[in-house]
Amino acid sequence: MELSHHRSAGNALGSGLQRSVKHAAAIVPPVHASHSRPTPNIVGQAAPQALKPRRSAKKAGLAPSKHVAAASWICNAVQPAVEPQMAEAVDMPMPVVADLETILQERDACGVGFIANLKSIRSHTIVEQALLALGCMEHRGACSADDDSGDGAGLMTQIPWKLLKQEVPQINEATTGVGMMLLPNDDALEAQAKAILEEAVSAEGLKLLGYRQVPVTHEVVGRFAKATQPRIWQVFIEGKPGQTGDDLERQLFIVRKLVERAKQAQMGAAAEDFYICTLSNRTIVYKGMLRSVVVGQFYKDLVNPDFETAFAIYHRRFSTNTTPKWPLAQPMRVLGHNGEINTLQGNLNWIASRQTELEHPVWAGREAQLMPLCNAAESDSANLDHVAELLVRTGFDPQEALMLLVPEAFRNHPDLMKEYSEVVDFYEFFEGLQEGWDGPALLVFSDGKRVGARLDRNGLRPARFWRTADDTIYVASEVGVLGDVISNASNIVAKGRLGPGQMVCADLESGSFAENAAISKAMATKQPYKQWVEQSVRRLEDLSPTAFPAETAMDSATMLRLQAANGMGAEDAQMVVEGMAQAGVEPTYCMGDDIPLAVLSDKPHILYNYFKQRFAQVTNPPIDPLREGLVMSLEMRLGGRGNLLQPGADTYRQVLLKSPILTENQMATIAKDATLGSKTFDISFKAGEAGALQAALKQLCSDVETAVKAGCQCVVLSDKAAESGMNSEVVPIPSLLATGAVQHHLIRTGLRSDTSIVIETAQAFSTHHAAMLIGYGAHAICPYLAYETARQWRLSSRTQSLIKSGKVPDISVADAQKNLKKSLEKGILKILSKMGISLLSCYHGAQIFEAYGLSREVIDFCFAGSVSRIGGMSLADLQREAESFWIKGFPDKALTKLEDYGFIQSRPKGEYHANNQTMAKLLHKAIGLGSGSKADPAAYEAYMAHFESAPPHVLRDCLQLDTAKGPINIDEVEPAAEIMKRFCTGGMSLGAISRETHETIAVAVNRIGGKSNSGEGGEDPIRWTTLSDADDAGKSSIFPYLRGLENGDTATSKIKQVASGRFGVTPEFLVNADQLEIKIAQGAKPGEGGQLPGKKVSPYIANLRRSKPGVPLISPPPHHD
């Protein structure tokens, strides 16, 4: 790709600045194959000694074609109809990779709760109370610009049989399913939707009893919501003879899934306007794009005294980053969700990759008709509901389903170990089958028989519960929503709140109410999980204890060549790798990155530099890895995953890793593990041949696919062969590119859950590199060149001299490598915490990055689903860039040191920095900075010329305004003095910038009537003084080190910042503010709190911050406010 430094988007970005095209969730035409069902695992059978071989269809690389055939040997299997049209084979749809840009459009945060009568006494009072609680949660939702169209609100209740029988008297409560449907607001489309439903009902051998148009009040709907308001109908379906309870629920579930597949095939774009809220014999959902207070007014049924239920779940939606839609209002079919799932893209990709594995006898071979299970175009709540619903319909208790989907922090949990330690084996077993759906979440759930609530492992969403004397349970996301209903303390017999990872559940059949410990014990003792874990999981520390070589693996000259050839510069080696080896922590940098984006740079960049990490937003807080370490974990599993729907002792065989950063001896152990069937693949391509990189990637994907079909459960991608041989003609494939390509190829072929990916690479030597490899699919990483760099640093004569002089601590060679490993691990935790993610297993494959400067070709091949809003480097460009690095390892003269690219610190021949010395000197001269100098217009012109000729370093530098409009009269423009009164400075703390700079900015901004910002850390009370002793030379005794002062000046910051650390926040500080700024998210260091290194904490700053000199000051992430 030719890179131009002209300020034109097209020129600078080549094929770039094209909006990314969202992936259509189309079903790829299936590949047919025969499929024979293996004998199901029966609980209590003796566990086999080895894993069963993978299905023959999977070995052949084919998605198994599951035929609709009666499983007569399963008494409660869902029997298909006998009609000829239903005897056709239905193929499993190929997995579709989740698109992050699509996902980002559908997120929400809400208010939620439930009311349930333990005696299962139906009454209209529960509906009234639920509507009251919902109305009190209006503040938890949002409205459109018309201030009347809500993001969504609704109720889930039992089916109101008493009300419905008045209009449809022939329905049988035991054998009839009731569907709540949103249909297109068009006669032809409504008829088509009903025809699709009727065809599915008929094909299943069921009887459609009739329809009922739900009475509504159109006038209460907001203007925007009314534009998309659907027609709302109920449908009544009679089950097959003898079909009741769970069997009927499964049958109705299949009908709905058949309708969903058919509508996509037949209705095109109109399919999204046909939505079945619920189709059940037990529950029904009334919801819409409504405000809380009008739900009862809109649905006339809800105010009818004959609408009786024993429970109600209520939900008010706040939709973030999205356009509200009627179907996305909640509750869903099983869940009502308050919060956000931060790992959604990874969850969707793992579900897509394993859906070919999901099977259970109760479905009688019809699993293919239930897929695809999830859809990236729907909200995170809707997708979590899809998975929970499948588990419940298959036979899992809803409590069990929520425990395995949203696990609590079970490691190092003293209360858990004391009260219900049995659950550890439950969680440990299901970790190998199902990654967690991680993020702040309060989940209220019901299958019609039980109603409960579950809180995420961090407890970042509030939930309280009450039990009253009449055996009614109330759960709400906040106190006060029920008004006077339970305000009488004598009426309350028990109350409490949900702690992190805890659950409560009301069983309407048994009349019991259970709290977390009892629920956990009950679920954990259903199966012999301890025995299963012992048979299924091996621990890496037992197979290969952590050990570090005491000697180097190569001479220093060879290492220098390898470092240069793999893109490691002097800064990377000295400031990053050696810094971590010495201190055991990743290096701390000043804020700001002023070098060009990799795609705009005239210097070659390794592939990692084309990506930026995403971070938690305001409604979705980051985590503090220091203070909240209990809920965080770096554990990973190696090995294939089994069938989630049929857990058992022989479901999988895995190796448990405490950390994804492997030592070299651990890497060797894994690479030859026979149980995993590990196989190593060389990742390299032939230099100088057009298309060689792309061809090598395709061959690599093909080879890996063949191996996985043959039973390989651990794919090792290694560049060590190319590195150790060091042939100028054989270039290592960038490890990130190889990882992404293999990951997505295995997802597309439905094989990803059958294996794990381990990376052995010289091209990983920072926390960003490690996070990216894991985020794009690697289970573990062995950064062998980084280890070698640490060893040679410690053994070098320079380091030994520094140790003797006391400038560097005396650590062993092993400790240097241990520090490096520890630094990478701590850095990964910090990166996870920025996104509000607790578990590395949840971050794994979640692709929480945005690409800048990669073409659609590269994204689709290797990083499918990632956001890339501009075009850029093709595979051919990346091949040339990889070759340009590799050739540095073959210099004409022997290398004596690494090239200093100047990516961190400005260097004369290094990377361009926007904040450079020339710019600073010209600016100083232009404004007359210096003793006795004055502003120089000519110098300002020179400054502007320098600015205009500078190369672009951010995307906005490529922006050109194209307008034919002429200038307007200056008299129409507000005076400059008035405009400047609205100027505000950024929040920069004293310490981040000097005292003199901080006070000078404040004085200057105060003079123009603007507002400066104190930043965090308090403020010296002397700055609140108005100067009255300034002399003709501009000096004052109050600020003797400042010049150009005038009487009437003040150095106060009108905006006073309060950060989570509360450093320097006193009552006096607060009352001297014109405006208070509470920091809830940082732009400079997203997802982090403030950090001031100890050497910057002078006695003056320590006094202001109420601290001690030399002590590092770190504020926690801001959500703690």
# chains A, B, ... in the order shown; residues from 1 in each chain; ligands from 1
call {"tool": "residues_around", "arguments": {"residues": "Val742 in chain A", "least_positions_apart": "5", "cutoff": "8 Å", "atoms": "only C-alpha atoms", "output": "VMD selection string"}}
result
chain A and resid 700 to 701 704 862
call {"tool": "residues_around", "arguments": {"residues": "Ser718 in chain A", "least_positions_apart": "6", "cutoff": "10 Å", "atoms": "only C-alpha atoms", "output": "short mmCIF file (atom, residue, chain, number, x, y, z; two decimals) with N, CA, C and O atoms, in the first residue's frame"}}
result
data_model
loop_
_atom_site.label_atom_id
_atom_site.label_comp_id
_atom_site.auth_asym_id
_atom_site.auth_seq_id
_atom_site.Cartn_x
_atom_site.Cartn_y
_atom_site.Cartn_z
N THR A 680 2.20 -29.61 16.44
CA THR A 680 2.84 -28.31 16.21
C THR A 680 2.84 -27.98 14.73
O THR A 680 3.17 -28.82 13.89
N PHE A 681 2.49 -26.74 14.41
CA PHE A 681 2.43 -26.26 13.02
C PHE A 681 3.39 -25.10 12.86
O PHE A 681 3.33 -24.12 13.62
N ASP A 682 4.26 -25.22 11.88
CA ASP A 682 5.20 -24.15 11.59
C ASP A 682 4.46 -23.01 10.89
O ASP A 682 3.70 -23.24 9.95
N ILE A 683 4.64 -21.80 11.38
CA ILE A 683 3.97 -20.64 10.75
C ILE A 683 5.05 -19.80 10.05
O ILE A 683 5.76 -19.02 10.68
N SER A 684 5.17 -19.99 8.75
CA SER A 684 6.15 -19.24 7.97
C SER A 684 5.71 -19.21 6.52
O SER A 684 4.81 -19.95 6.11
N PRO A 732 8.73 -15.71 9.21
CA PRO A 732 7.63 -16.11 10.10
C PRO A 732 6.35 -15.34 9.77
O PRO A 732 6.39 -14.13 9.53
N ILE A 733 5.25 -16.04 9.77
CA ILE A 733 3.95 -15.36 9.66
C ILE A 733 3.72 -14.59 10.96
O ILE A 733 3.96 -15.12 12.04
N SER A 735 2.41 -13.75 14.25
CA SER A 735 1.68 -14.72 15.07
C SER A 735 0.22 -14.32 15.28
O SER A 735 -0.66 -15.18 15.36
N ALA A 738 -1.67 -15.39 12.14
CA ALA A 738 -1.87 -16.84 12.12
C ALA A 738 -2.94 -17.26 13.12
O ALA A 738 -3.81 -18.09 12.81
N VAL A 758 -2.42 -22.88 21.07
CA VAL A 758 -1.29 -22.39 21.87
C VAL A 758 -0.28 -21.75 20.91
O VAL A 758 -0.02 -22.28 19.84
N ILE A 759 0.26 -20.60 21.31
CA ILE A 759 1.18 -19.84 20.45
C ILE A 759 2.58 -19.87 21.06
O ILE A 759 2.77 -19.47 22.20
N GLU A 760 3.53 -20.35 20.29
CA GLU A 760 4.95 -20.30 20.66
C GLU A 760 5.61 -19.30 19.71
O GLU A 760 5.77 -19.59 18.53
N THR A 761 5.95 -18.12 20.23
CA THR A 761 6.33 -17.06 19.31
C THR A 761 7.42 -16.15 19.86
O THR A 761 7.54 -15.95 21.07
N ALA A 762 8.19 -15.61 18.93
CA ALA A 762 9.16 -14.57 19.26
C ALA A 762 8.53 -13.19 19.17
O ALA A 762 9.12 -12.20 19.59
N CYS A 782 3.66 -18.81 24.72
CA CYS A 782 5.03 -18.95 25.21
C CYS A 782 5.90 -17.92 24.48
O CYS A 782 6.29 -18.13 23.32
#
call {"tool": "closest_residue", "arguments": {"among": "A:Gln264, A:Asn342, A:Thr1066, A:Gln666", "to": "Pro372 in chain A", "atoms": "only C-alpha atoms"}}
result
A:Gln264
call {"tool": "residues_around", "arguments": {"residues": "Ala522 in chain A", "least_positions_apart": "6", "cutoff": "12 Å", "atoms": "only C-alpha atoms", "output": "list in words"}}
result
Asp397, Gln399, Glu400, Met403, Tyr420, Ser421, Glu422, Val423, Phe426, Cys505, Ala514, Glu515 and Asn516 of chain A
call {"tool": "residues_around", "arguments": {"residues": "Leu134 in chain A", "least_positions_apart": "4", "cutoff": "9 Å", "atoms": "only C-alpha atoms", "output": "list in words"}}
result
Gly111, Val112, Gly113, Gln129, Ala130, Glu138, Ala153, Gly154, Leu155, Ser292, Val293, Val295, Tyr314, His315, Arg316, Val481 and Leu482 of chain A
call {"tool": "residues_around", "arguments": {"residues": "Arg1023 in chain A", "least_positions_apart": "4", "cutoff": "8 Å", "atoms": "only C-alpha atoms", "output": "PyMOL selection string"}}
result
chain A and resi 999+1019+1050-1052
call {"tool": "write_last_selection", "arguments": {"atoms": "all heavy atoms", "output": "CSV table (one decimal), in the first residue's frame"}}
result
chain,number,residue,atom,x,y,z
A,999,GLU,N,-0.5,26.7,37.6
A,999,GLU,CA,-1.0,28.0,38.0
A,999,GLU,C,-1.0,29.0,36.9
A,999,GLU,O,-2.0,29.8,36.9
A,999,GLU,CB,-0.1,28.4,39.2
A,999,GLU,CG,-0.2,27.6,40.4
A,999,GLU,CD,0.8,27.9,41.5
A,999,GLU,OE1,1.7,28.7,41.2
A,999,GLU,OE2,0.8,27.3,42.6
A,1019,GLU,N,-6.0,21.2,45.9
A,1019,GLU,CA,-5.5,22.5,45.4
A,1019,GLU,C,-4.9,23.3,46.6
A,1019,GLU,O,-5.5,23.3,47.7
A,1019,GLU,CB,-6.6,23.3,44.7
A,1019,GLU,CG,-6.1,24.5,43.9
A,1019,GLU,CD,-7.1,25.1,43.0
A,1019,GLU,OE1,-8.1,25.7,43.5
A,1019,GLU,OE2,-7.1,24.9,41.7
A,1050,THR,N,-6.2,35.6,39.8
A,1050,THR,CA,-6.3,34.5,40.8
A,1050,THR,C,-5.9,33.2,40.1
A,1050,THR,O,-6.2,33.1,38.9
A,1050,THR,CB,-7.8,34.4,41.3
A,1050,THR,OG1,-7.9,33.3,42.2
A,1050,THR,CG2,-8.8,34.3,40.2
A,1051,ALA,N,-5.3,32.3,40.8
A,1051,ALA,CA,-4.8,31.1,40.3
A,1051,ALA,C,-5.8,29.9,40.6
A,1051,ALA,O,-5.4,28.8,40.5
A,1051,ALA,CB,-3.4,30.8,40.7
A,1052,THR,N,-7.0,30.2,41.1
A,1052,THR,CA,-7.9,29.2,41.5
A,1052,THR,C,-8.4,28.4,40.2
A,1052,THR,O,-8.5,29.1,39.1
A,1052,THR,CB,-9.1,29.7,42.2
A,1052,THR,OG1,-9.9,28.6,42.7
A,1052,THR,CG2,-9.9,30.6,41.4
call {"tool": "select_by_dssp", "arguments": {"residues": "range 685-748 of chain A", "states": "alpha helix (DSSP H)", "output": "MDAnalysis selection string"}}
result
chainID A and resid 692:709 720:725 735:748
call {"tool": "write_last_selection", "arguments": {"atoms": "C-alpha atoms", "output": "PDB file, in the first residue's frame"}}
result
ATOM      1  CA  ALA A 692       2.990 -16.155  -0.392  1.00  0.00           C
ATOM      2  CA  LEU A 693       1.597 -14.975   2.951  1.00  0.00           C
ATOM      3  CA  GLN A 694      -2.012 -15.542   1.909  1.00  0.00           C
ATOM      4  CA  ALA A 695      -1.192 -18.973   0.466  1.00  0.00           C
ATOM      5  CA  ALA A 696       0.671 -19.966   3.627  1.00  0.00           C
ATOM      6  CA  LEU A 697      -2.251 -18.904   5.812  1.00  0.00           C
ATOM      7  CA  LYS A 698      -4.701 -20.904   3.717  1.00  0.00           C
ATOM      8  CA  GLN A 699      -2.464 -23.958   3.855  1.00  0.00           C
ATOM      9  CA  LEU A 700      -2.045 -23.536   7.599  1.00  0.00           C
ATOM     10  CA  CYS A 701      -5.821 -23.403   8.079  1.00  0.00           C
ATOM     11  CA  SER A 702      -6.275 -26.494   5.935  1.00  0.00           C
ATOM     12  CA  ASP A 703      -3.594 -28.428   7.806  1.00  0.00           C
ATOM     13  CA  VAL A 704      -5.056 -27.466  11.190  1.00  0.00           C
ATOM     14  CA  GLU A 705      -8.541 -28.462  10.064  1.00  0.00           C
ATOM     15  CA  THR A 706      -7.300 -31.882   8.986  1.00  0.00           C
ATOM     16  CA  ALA A 707      -5.523 -32.390  12.300  1.00  0.00           C
ATOM     17  CA  VAL A 708      -8.531 -31.358  14.382  1.00  0.00           C
ATOM     18  CA  LYS A 709     -10.778 -33.738  12.466  1.00  0.00           C
ATOM     19  CA  LYS A 720      10.463 -21.294  16.374  1.00  0.00           C
ATOM     20  CA  ALA A 721      11.539 -23.381  13.390  1.00  0.00           C
ATOM     21  CA  ALA A 722      11.857 -20.313  11.192  1.00  0.00           C
ATOM     22  CA  GLU A 723      13.516 -18.351  13.994  1.00  0.00           C
ATOM     23  CA  SER A 724      16.085 -20.989  14.940  1.00  0.00           C
ATOM     24  CA  GLY A 725      17.057 -21.626  11.342  1.00  0.00           C
ATOM     25  CA  SER A 735       1.675 -14.719  15.075  1.00  0.00           C
ATOM     26  CA  LEU A 736      -1.442 -12.570  15.514  1.00  0.00           C
ATOM     27  CA  LEU A 737      -2.340 -13.064  11.855  1.00  0.00           C
ATOM     28  CA  ALA A 738      -1.870 -16.839  12.117  1.00  0.00           C
ATOM     29  CA  THR A 739      -3.890 -17.003  15.347  1.00  0.00           C
ATOM     30  CA  GLY A 740      -6.806 -15.033  13.916  1.00  0.00           C
ATOM     31  CA  ALA A 741      -6.837 -16.968  10.655  1.00  0.00           C
ATOM     32  CA  VAL A 742      -6.894 -20.364  12.384  1.00  0.00           C
ATOM     33  CA  GLN A 743      -9.443 -19.212  14.974  1.00  0.00           C
ATOM     34  CA  HIS A 744     -11.944 -18.031  12.391  1.00  0.00           C
ATOM     35  CA  HIS A 745     -11.379 -20.910  10.013  1.00  0.00           C
ATOM     36  CA  LEU A 746     -12.201 -23.347  12.804  1.00  0.00           C
ATOM     37  CA  ILE A 747     -15.287 -21.318  13.745  1.00  0.00           C
ATOM     38  CA  ARG A 748     -16.492 -21.339  10.146  1.00  0.00           C
TER      39      ARG A 748
END
call {"tool": "residues_around", "arguments": {"residues": "Arg467 in chain A", "least_positions_apart": "5", "cutoff": "10 Å", "atoms": "only C-alpha atoms", "output": "list in words"}}
result
Ile115, Ala116, Asn117, Leu118, Thr472, Ile473, Tyr474, Val475, Ile486, Asn491, Ile492, Val493, Ala494, Lys495, Gly496 and Phe513 of chain A
call {"tool": "atom_distance", "arguments": {"atom1": "CA of Trp793 in chain A", "atom2": "CA of Gly579 in chain A"}}
result
9.9 Å
call {"tool": "closest_residue", "arguments": {"among": "A:His913, A:His998, A:Arg291, A:Arg366", "to": "Lys257 in chain A", "atoms": "only C-alpha atoms"}}
result
A:Arg366
call {"tool": "select_by_dssp", "arguments": {"residues": "range 785-939 of chain A", "states": "strand (DSSP E or B)", "output": "list in words"}}
result
Leu839, Phe849, Glu850, Ala851, Leu854, Val867 and Met873 of chain A
call {"tool": "residues_around", "arguments": {"residues": "range 983-990 of chain A", "least_positions_apart": "4", "cutoff": "6 Å", "atoms": "only C-alpha atoms", "output": "list in words"}}
result
Gly1010, Lys1011, Ser1012, Asn1013, Gly1015 and Glu1016 of chain A
call {"tool": "closest_residue", "arguments": {"among": "A:Ala550, A:Ala976, A:Ala506, A:Ala764", "to": "Trp466 in chain A", "atoms": "only C-alpha atoms"}}
result
A:Ala506
call {"tool": "decode", "arguments": {"residues": "range 832-853 of chain A", "atoms": "N, CA and C atoms", "output": "compact mmCIF listing (two decimals), in the first residue's frame"}}
result
# COMPACT_ATOMS: atom_id res chain seq x y z
N LEU A 832 -8.02 -6.58 31.11
CA LEU A 832 -9.36 -7.13 31.34
C LEU A 832 -10.20 -6.16 32.14
N SER A 833 -9.59 -5.60 33.18
CA SER A 833 -10.35 -4.74 34.09
C SER A 833 -10.83 -3.48 33.41
N LYS A 834 -10.09 -2.99 32.42
CA LYS A 834 -10.53 -1.79 31.70
C LYS A 834 -11.86 -2.02 31.01
N MET A 835 -12.11 -3.25 30.61
CA MET A 835 -13.34 -3.58 29.90
C MET A 835 -14.40 -4.12 30.85
N GLY A 836 -14.10 -4.13 32.14
CA GLY A 836 -15.08 -4.63 33.10
C GLY A 836 -15.24 -6.13 33.05
N ILE A 837 -14.18 -6.85 32.65
CA ILE A 837 -14.23 -8.30 32.53
C ILE A 837 -13.40 -8.93 33.64
N SER A 838 -13.94 -9.96 34.27
CA SER A 838 -13.29 -10.58 35.41
C SER A 838 -12.45 -11.80 35.04
N LEU A 839 -12.89 -12.57 34.08
CA LEU A 839 -12.28 -13.86 33.78
C LEU A 839 -11.60 -13.84 32.43
N LEU A 840 -10.38 -14.32 32.39
CA LEU A 840 -9.68 -14.41 31.11
C LEU A 840 -10.40 -15.37 30.17
N SER A 841 -11.02 -16.40 30.71
CA SER A 841 -11.75 -17.34 29.87
C SER A 841 -12.93 -16.67 29.17
N CYS A 842 -13.44 -15.58 29.75
CA CYS A 842 -14.51 -14.82 29.11
C CYS A 842 -13.95 -13.83 28.08
N TYR A 843 -12.78 -13.29 28.39
CA TYR A 843 -12.11 -12.36 27.46
C TYR A 843 -11.60 -13.10 26.22
N HIS A 844 -11.28 -14.37 26.42
CA HIS A 844 -10.72 -15.22 25.36
C HIS A 844 -11.64 -15.23 24.15
N GLY A 845 -11.11 -14.83 23.01
CA GLY A 845 -11.88 -14.85 21.77
C GLY A 845 -12.92 -13.75 21.66
N ALA A 846 -12.95 -12.83 22.62
CA ALA A 846 -13.99 -11.79 22.61
C ALA A 846 -13.68 -10.66 21.64
N GLN A 847 -12.44 -10.56 21.16
CA GLN A 847 -12.06 -9.60 20.12
C GLN A 847 -12.44 -8.16 20.49
N ILE A 848 -12.10 -7.75 21.68
CA ILE A 848 -12.52 -6.42 22.13
C ILE A 848 -11.47 -5.39 21.70
N PHE A 849 -11.32 -5.27 20.41
CA PHE A 849 -10.36 -4.36 19.80
C PHE A 849 -11.00 -3.70 18.58
N GLU A 850 -10.44 -2.58 18.19
CA GLU A 850 -10.87 -1.93 16.96
C GLU A 850 -9.65 -1.77 16.08
N ALA A 851 -9.78 -2.13 14.81
CA ALA A 851 -8.66 -2.07 13.88
C ALA A 851 -8.63 -0.71 13.19
N TYR A 852 -7.43 -0.19 13.01
CA TYR A 852 -7.23 1.07 12.30
C TYR A 852 -6.23 0.85 11.18
N GLY A 853 -6.72 0.76 9.96
CA GLY A 853 -5.81 0.65 8.84
C GLY A 853 -5.60 -0.74 8.30
